[in-house]
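Raw my_file01.cif, mmCIF, C-alpha atoms and all ligand atoms:
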```cif
data_input
loop_
_atom_site.label_atom_id
_atom_site.label_comp_id
_atom_site.auth_asym_id
_atom_site.auth_seq_id
_atom_site.Cartn_x
_atom_site.Cartn_y
_atom_site.Cartn_z
CA MET A 1262 257.03 23.20 80.01
CA LEU A 1263 255.05 19.92 79.95
CA SER A 1264 256.95 18.55 82.97
CA ILE A 1265 256.20 21.72 84.98
CA THR A 1266 252.46 21.37 84.19
CA VAL A 1267 252.48 17.66 85.18
CA GLY A 1268 254.41 18.55 88.37
CA MET A 1269 251.85 21.22 89.29
CA GLU A 1270 249.01 18.79 88.60
CA MET A 1271 250.61 16.12 90.88
CA LEU A 1272 251.00 18.73 93.62
CA ARG A 1273 247.32 19.64 93.29
CA ILE A 1274 246.24 15.97 93.49
CA ASN A 1275 248.50 15.40 96.53
CA TRP A 1276 246.96 18.44 98.16
CA ILE A 1277 243.42 17.17 97.51
CA ILE A 1278 244.30 13.70 98.94
CA LEU A 1279 245.86 15.26 102.04
CA THR A 1280 242.79 17.43 102.60
CA LEU A 1281 240.51 14.38 102.20
CA VAL A 1282 242.55 12.32 104.68
CA LEU A 1283 242.47 15.17 107.20
CA CYS A 1284 238.68 15.59 106.83
CA LEU A 1285 238.07 11.83 107.22
CA SER A 1286 240.28 11.58 110.30
CA LEU A 1287 238.38 14.51 111.84
CA VAL A 1288 235.04 12.78 111.15
CA PHE A 1289 236.23 9.52 112.75
CA ALA A 1290 237.82 11.31 115.71
CA ALA A 1291 234.51 13.10 116.38
CA ASP A 1292 232.74 9.74 116.30
CA ALA A 1293 234.79 8.21 119.11
CA ALA A 1294 233.40 9.68 122.31
CA ASP A 1295 234.75 9.18 125.82
CA LEU A 1296 232.69 8.11 128.81
CA ASP A 1297 233.11 10.41 131.79
CA LEU A 1298 231.82 9.21 135.14
CA THR A 1299 231.79 11.62 138.06
CA VAL A 1300 230.68 10.69 141.56
CA VAL A 1301 228.91 13.86 142.69
CA TYR A 1302 227.50 12.61 146.00
CA ASP A 1303 229.02 10.03 148.31
CA ASN A 1304 229.82 9.36 151.94
CA ASN A 1305 233.46 8.55 151.08
CA PRO A 1306 235.73 11.57 150.72
CA TYR A 1307 237.87 12.11 147.62
CA ASP A 1308 237.91 15.72 146.39
CA GLU A 1309 238.49 17.78 149.55
CA ARG A 1310 236.49 20.76 148.22
CA LEU A 1311 233.28 18.73 148.23
CA GLU A 1312 230.83 17.80 150.97
CA THR A 1313 230.38 14.16 151.98
CA ARG A 1314 226.98 12.84 153.04
CA TRP A 1315 225.53 9.35 153.29
CA GLY A 1316 224.15 8.59 149.82
CA PHE A 1317 225.10 8.31 146.19
CA SER A 1318 224.89 10.08 142.86
CA CYS A 1319 226.92 9.64 139.69
CA LEU A 1320 226.95 11.73 136.52
CA LEU A 1321 227.49 10.13 133.11
CA GLU A 1322 228.73 12.27 130.24
CA GLY A 1323 229.53 10.94 126.80
CA PRO A 1324 226.49 8.88 125.83
CA GLU A 1325 224.00 10.63 123.52
CA ARG A 1326 222.19 11.88 126.64
CA THR A 1327 223.76 13.27 129.81
CA ILE A 1328 222.50 11.20 132.73
CA ILE A 1329 222.48 11.55 136.49
CA PHE A 1330 222.09 8.22 138.28
CA ASP A 1331 220.57 8.80 141.73
CA VAL A 1332 220.54 12.26 143.29
CA GLY A 1333 221.82 11.75 146.85
CA GLY A 1334 219.93 12.55 150.01
CA GLU A 1335 220.19 16.34 150.23
CA GLY A 1336 219.55 18.33 147.08
CA SER A 1337 221.42 21.39 148.36
CA VAL A 1338 224.59 19.32 148.92
CA LEU A 1339 224.22 17.77 145.46
CA LEU A 1340 223.92 21.18 143.78
CA ARG A 1341 226.82 22.68 145.77
CA ASN A 1342 229.05 19.73 144.83
CA MET A 1343 228.05 20.08 141.18
CA GLU A 1344 228.81 23.78 141.25
CA LYS A 1345 232.31 23.14 142.62
CA LEU A 1346 232.86 20.52 139.89
CA LYS A 1347 231.59 23.03 137.28
CA ILE A 1348 228.74 20.72 136.31
CA ASP A 1349 225.66 22.52 135.02
CA PRO A 1350 222.47 20.78 136.30
CA ASN A 1351 220.66 22.17 133.25
CA ALA A 1352 222.93 20.16 130.94
CA ILE A 1353 221.41 16.94 132.34
CA ASP A 1354 218.76 15.26 130.15
CA LEU A 1355 217.87 12.13 132.09
CA VAL A 1356 217.59 11.16 135.75
CA VAL A 1357 217.68 7.46 136.65
CA LEU A 1358 216.69 6.49 140.19
CA SER A 1359 217.95 3.15 141.48
CA HIS A 1360 215.65 2.53 144.43
CA ILE A 1361 213.33 4.16 146.93
CA HIS A 1362 215.80 4.89 149.77
CA GLY A 1363 216.11 8.53 150.79
CA ASP A 1364 219.89 8.64 150.39
CA HIS A 1365 219.37 8.06 146.63
CA ILE A 1366 216.22 10.05 145.86
CA GLY A 1367 216.00 12.69 148.63
CA GLY A 1368 217.71 15.29 146.44
CA LEU A 1369 215.12 14.98 143.66
CA PRO A 1370 212.77 17.90 144.50
CA THR A 1371 215.69 20.35 144.77
CA PHE A 1372 217.25 19.04 141.56
CA LEU A 1373 213.94 19.31 139.68
CA LYS A 1374 213.49 22.88 140.91
CA GLU A 1375 216.79 23.68 139.21
CA ASN A 1376 216.10 21.64 136.07
CA PRO A 1377 212.54 20.35 135.48
CA ASP A 1378 213.22 19.68 131.79
CA VAL A 1379 214.26 16.05 132.31
CA THR A 1380 212.90 12.55 131.94
CA VAL A 1381 213.02 10.57 135.19
CA TYR A 1382 213.39 6.79 134.98
CA MET A 1383 212.27 4.99 138.13
CA PRO A 1384 211.30 1.47 139.18
CA ARG A 1385 207.63 0.92 138.38
CA SER A 1386 207.06 -0.09 142.01
CA PHE A 1387 207.74 3.49 143.21
CA PRO A 1388 204.73 4.98 145.04
CA MET A 1389 202.29 7.13 143.07
CA ARG A 1390 203.12 10.24 145.14
CA ILE A 1391 206.70 10.25 143.82
CA LYS A 1392 205.56 9.89 140.19
CA GLU A 1393 202.96 12.63 140.68
CA GLY A 1394 205.54 14.88 142.29
CA VAL A 1395 207.80 14.56 139.23
CA LEU A 1396 204.94 15.09 136.76
CA GLY A 1397 203.73 18.03 138.86
CA VAL A 1398 206.83 20.10 138.10
CA GLY A 1399 206.60 19.35 134.37
CA ALA A 1400 209.23 16.59 134.16
CA ARG A 1401 208.50 13.30 132.42
CA VAL A 1402 208.29 9.89 134.12
CA ILE A 1403 209.24 6.53 132.67
CA GLU A 1404 208.43 3.52 134.80
CA VAL A 1405 210.92 0.70 134.47
CA ARG A 1406 209.97 -2.91 135.01
CA GLY A 1407 212.10 -5.21 132.85
CA PRO A 1408 215.39 -4.55 131.06
CA THR A 1409 215.05 -1.21 129.25
CA GLU A 1410 217.09 0.77 126.74
CA ILE A 1411 217.43 4.31 128.09
CA CYS A 1412 219.34 5.80 125.16
CA LYS A 1413 221.90 4.51 122.69
CA ASP A 1414 224.27 2.10 124.53
CA VAL A 1415 222.69 2.80 127.95
CA TYR A 1416 220.33 0.34 129.63
CA SER A 1417 218.56 -0.37 132.89
CA THR A 1418 218.70 -3.90 134.29
CA GLY A 1419 215.04 -3.42 135.15
CA GLU A 1420 213.66 -3.99 138.64
CA LEU A 1421 215.66 -6.64 140.48
CA GLY A 1422 215.07 -7.93 144.00
CA ASP A 1423 212.06 -9.25 145.84
CA LEU A 1424 210.62 -6.86 148.41
CA LEU A 1425 212.90 -3.91 147.71
CA LYS A 1426 213.15 -3.32 143.96
CA GLU A 1427 216.26 -1.76 142.49
CA GLU A 1428 217.46 -1.00 138.98
CA SER A 1429 221.10 -0.59 137.96
CA LEU A 1430 222.53 1.27 135.00
CA VAL A 1431 224.49 -0.54 132.30
CA VAL A 1432 226.56 1.25 129.64
CA LYS A 1433 227.86 -0.66 126.64
CA ILE A 1434 231.30 0.62 125.67
CA SER A 1435 234.05 -0.64 123.40
CA LYS A 1436 235.79 -2.39 126.32
CA GLY A 1437 232.68 -4.19 127.60
CA LEU A 1438 230.00 -3.12 130.07
CA VAL A 1439 230.06 -0.50 132.78
CA VAL A 1440 227.60 -1.35 135.55
CA ILE A 1441 226.62 1.34 138.06
CA THR A 1442 224.75 0.32 141.19
CA GLY A 1443 223.01 2.48 143.81
CA CYS A 1444 223.04 0.13 146.82
CA ALA A 1445 222.97 -3.27 145.05
CA HIS A 1446 220.30 -4.48 147.50
CA PRO A 1447 219.43 -7.42 145.19
CA GLY A 1448 223.11 -8.45 145.59
CA ILE A 1449 226.11 -7.19 143.69
CA VAL A 1450 226.87 -10.66 142.29
CA ARG A 1451 223.31 -11.03 141.03
CA THR A 1452 223.34 -7.53 139.53
CA VAL A 1453 226.58 -8.25 137.68
CA LYS A 1454 225.19 -11.56 136.36
CA GLU A 1455 221.95 -9.91 135.20
CA ALA A 1456 223.83 -7.15 133.36
CA LYS A 1457 226.10 -9.69 131.65
CA GLY A 1458 223.18 -11.90 130.68
CA MET A 1459 221.08 -8.98 129.44
CA LEU A 1460 223.64 -7.80 126.86
CA LYS A 1461 225.71 -11.00 126.45
CA THR A 1462 228.84 -8.94 127.08
CA ASP A 1463 231.55 -9.08 129.76
CA ILE A 1464 231.87 -6.41 132.40
CA TYR A 1465 234.70 -3.92 132.21
CA LEU A 1466 233.87 -1.87 135.30
CA ALA A 1467 231.44 -2.10 138.22
CA LEU A 1468 231.00 1.15 140.17
CA GLY A 1469 228.80 2.24 143.05
CA GLY A 1470 227.40 0.96 146.32
CA PHE A 1471 227.89 -2.80 146.65
CA HIS A 1472 226.15 -3.12 150.05
CA LEU A 1473 228.75 -5.21 151.83
CA GLY A 1474 229.03 -3.15 155.03
CA GLY A 1475 228.89 -5.10 158.29
CA MET A 1476 229.67 -8.45 156.67
CA SER A 1477 232.37 -10.82 157.95
CA SER A 1478 235.68 -10.75 156.10
CA GLN A 1479 235.12 -14.37 155.04
CA ARG A 1480 231.75 -13.54 153.45
CA ILE A 1481 233.23 -10.45 151.77
CA GLU A 1482 236.12 -12.47 150.34
CA GLU A 1483 233.63 -14.99 148.92
CA ILE A 1484 231.67 -12.22 147.22
CA VAL A 1485 234.75 -10.42 145.88
CA ASN A 1486 236.02 -13.70 144.42
CA LYS A 1487 232.62 -14.38 142.84
CA ILE A 1488 232.72 -10.96 141.19
CA LYS A 1489 236.21 -11.67 139.93
CA GLY A 1490 235.01 -15.11 138.80
CA GLU A 1491 232.30 -13.39 136.73
CA GLY A 1492 235.11 -11.71 134.81
CA VAL A 1493 234.57 -8.15 136.10
CA LYS A 1494 237.84 -6.44 135.10
CA LYS A 1495 237.76 -3.30 137.24
CA VAL A 1496 235.85 -2.25 140.35
CA ALA A 1497 235.12 1.12 141.94
CA PRO A 1498 233.34 0.39 145.23
CA CYS A 1499 231.92 3.36 147.13
CA HIS A 1500 228.81 4.41 149.11
CA CYS A 1501 227.54 1.39 151.09
CA SER A 1502 230.32 -1.00 150.05
CA GLY A 1503 231.91 -0.70 153.51
CA ASP A 1504 235.50 -0.02 154.54
CA LEU A 1505 236.41 -3.67 154.99
CA ALA A 1506 235.05 -4.67 151.57
CA ARG A 1507 236.92 -1.76 149.96
CA LYS A 1508 240.13 -3.09 151.53
CA VAL A 1509 239.46 -6.64 150.32
CA PHE A 1510 238.69 -5.39 146.80
CA LYS A 1511 241.96 -3.46 146.82
CA VAL A 1512 243.94 -6.57 147.84
CA VAL A 1513 242.24 -8.84 145.27
CA TYR A 1514 242.03 -6.35 142.38
CA GLY A 1515 245.17 -4.28 143.00
CA GLU A 1516 245.43 -1.40 140.53
CA ASN A 1517 242.15 -2.51 138.94
CA CYS A 1518 240.33 -1.37 142.09
CA VAL A 1519 239.69 2.36 142.05
CA LEU A 1520 238.81 3.57 145.53
CA THR A 1521 236.06 6.04 144.81
CA GLY A 1522 234.52 8.89 146.72
CA VAL A 1523 232.80 12.21 146.15
CA GLY A 1524 234.36 14.10 143.25
CA LYS A 1525 236.14 11.08 141.77
CA ARG A 1526 236.16 11.23 137.97
CA ILE A 1527 236.73 8.15 135.85
CA LYS A 1528 237.33 8.85 132.19
CA ILE A 1529 237.19 5.95 129.74
CA GLU A 1530 238.70 7.10 126.46
CA GLU A 1531 237.09 6.25 123.14
CA ALA A 1532 234.34 4.37 124.94
CA PHE A 1533 231.92 4.82 122.06
CA LYS A 1534 233.21 4.24 118.54
ZN ZN B 1601 219.43 1.51 149.82
ZN ZN B 1602 222.21 3.79 149.80
#
```
Represent the structure contained in this file as structure tokens.
Amino acid sequence: MLSITVGMEMLRINWIILTLVLCLSLVFAADAADLDLTVVYDNNPYDERLETRWGFSCLLEGPERTIIFDVGGEGSVLLRNMEKLKIDPNAIDLVVLSHIHGDHIGGLPTFLKENPDVTVYMPRSFPMRIKEGVLGVGARVIEVRGPTEICKDVYSTGELGDLLKEESLVVKISKGLVVITGCAHPGIVRTVKEAKGMLKTDIYLALGGFHLGGMSSQRIEEIVNKIKGEGVKKVAPCHCSGDLARKVFKVVYGENCVLTGVGKRIKIEEAFK
């Protein structure tokens, strides 16, 4: 009789331990979030259902806020691409604008008509009329000058460049940094160095427009090797990177170069732990 009671008791304790382990593993699993990057606007084709136009926009899902970095040139194209990708513009919390060029900010009025409940980060040097336009529809404006924390693990490099100011987005993940550039007018090598220096962390992935179109192959090779020399592990050149530079990146980086275009999704698992 005693042994049956002890046996039952052991079973109960085992059951409690098992339940506890299951609960804990669920809590930790929920903590580790992925980073999902989706190029929603680009001049390079990828997903055949989507429209290509000169410009750039990339959606970031996974950080504590959902962010759209740049909004392309034509808002209607941006929204149509998002619809085909089943992305709800109203799920976006923050808009980050890299620089003043129309192929990166032209889609803003149309986007804000769809979702005015956002905070828009922009270089402080942007003209007053743009800031007033954003405030006028009820959205919030944050002017960025130096390195800035946008939300947990997401930063802006701050305004870089001399005449034309540009900010890039930097996400700190378990594997290192993800740097996303609009056009990289201040120079892709400089942008990469600034991001590394800002967070004292190596770069896992650089994605976006690297602005190497029209350069000689010798100059491109120099720049690609400098990026590699900075320890950037993976690259995803698109937008204004140029066809020749994309080819050189592919040769130098091999499978660590992801040729990116509109609709390309890059999922980094357990990016945030
Ligand atoms: Zn530009
Ligand atoms: Zn551009």
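Here CA of Cys1499 (chain A) is placed at a distance of 15.7 Å from CA of Val1450 (chain A).
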(Q) Please determine, counting only C-alpha atoms and all ligand atoms, which residue among A:Gly1490, A:Pro1384, A:Gly1422, A:Gly1363 has the shortest atom-to-atom distance to ligand ZN 1601 (chain B). (A)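 Distance minimum relative to ligand ZN 1601 (chain B) lands on A:Gly1363.
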Q: Identify, counting all atoms listed in the file, the protein, DNA and RNA residues located within 8 Å of ligand ZN 1601 (chain B), and give them as a PyMOL selection string.
A: chain A and resi 1360-1365+1443-1446
(Q) (227.9, -3.6, 157.3) in this file's frame - what residues fall within 10 Å of it? Use only C-alpha atoms and give the answer as JSON, numbers by chain. (A) {"A": [1472, 1473, 1474, 1475, 1476, 1477, 1501, 1502, 1503, 1504, 1505, 1506]}
(Q) What's around region 1373-1382 of chain A at 8 Å? Count all atoms listed in the file, leave out sequence neighbours fewer than 6 positions away in its own chain, and write the answer as a PyMOL selection string. (A) chain A and resi 1350-1351+1353-1358+1395+1398-1405
Q) At what distance in Å, to one decimal, does CA of Ala1497 (chain A) lie from CA of Ala1467 (chain A)? A)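 So the answer is 6.1 Å.
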Q: Name the closest residue to ligand ZN 1602 (chain B) among the candidates A:His1500, A:Lys1347, A:Lys1433, A:Arg1326; distances are taken between atoms, counting all atoms listed in the file.
A: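 That would be A:His1500, the residue with the smallest distance to ligand ZN 1602 (chain B).
We find CA of Tyr1514 (chain A) and CA of Lys1528 (chain A) to be spaced 18.9 Å apart.
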Q. Neighbours of Asn1304 (chain A) within 8 Å (all atoms listed in the file; same-chain residues fewer than 6 positions away dropped), as a ChimeraX atom specification?
A. /A:1313-1317,1499-1500,1522-1523
(Q) Could you check the closest approach to ligand ZN 1602 (chain B) for each of A:Asp1414, A:Glu1530, A:Glu1482, A:Asp1303 and tell me which residue wins, using all atoms listed in the file? (A)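 Looking only at the distances to ligand ZN 1602 (chain B), the closest residue turns out to be A:Asp1303.
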Each side padded by 3 Å, which centre and which edge lengths in Å (one decimal) define the axis-aligned box around the listed atoms of region 1363-1373 of chain A? Give them as JSON.
```
{"center_x": 216.3, "center_y": 14.2, "center_z": 145.2, "size_x": 13.1, "size_y": 18.3, "size_z": 17.1}
```
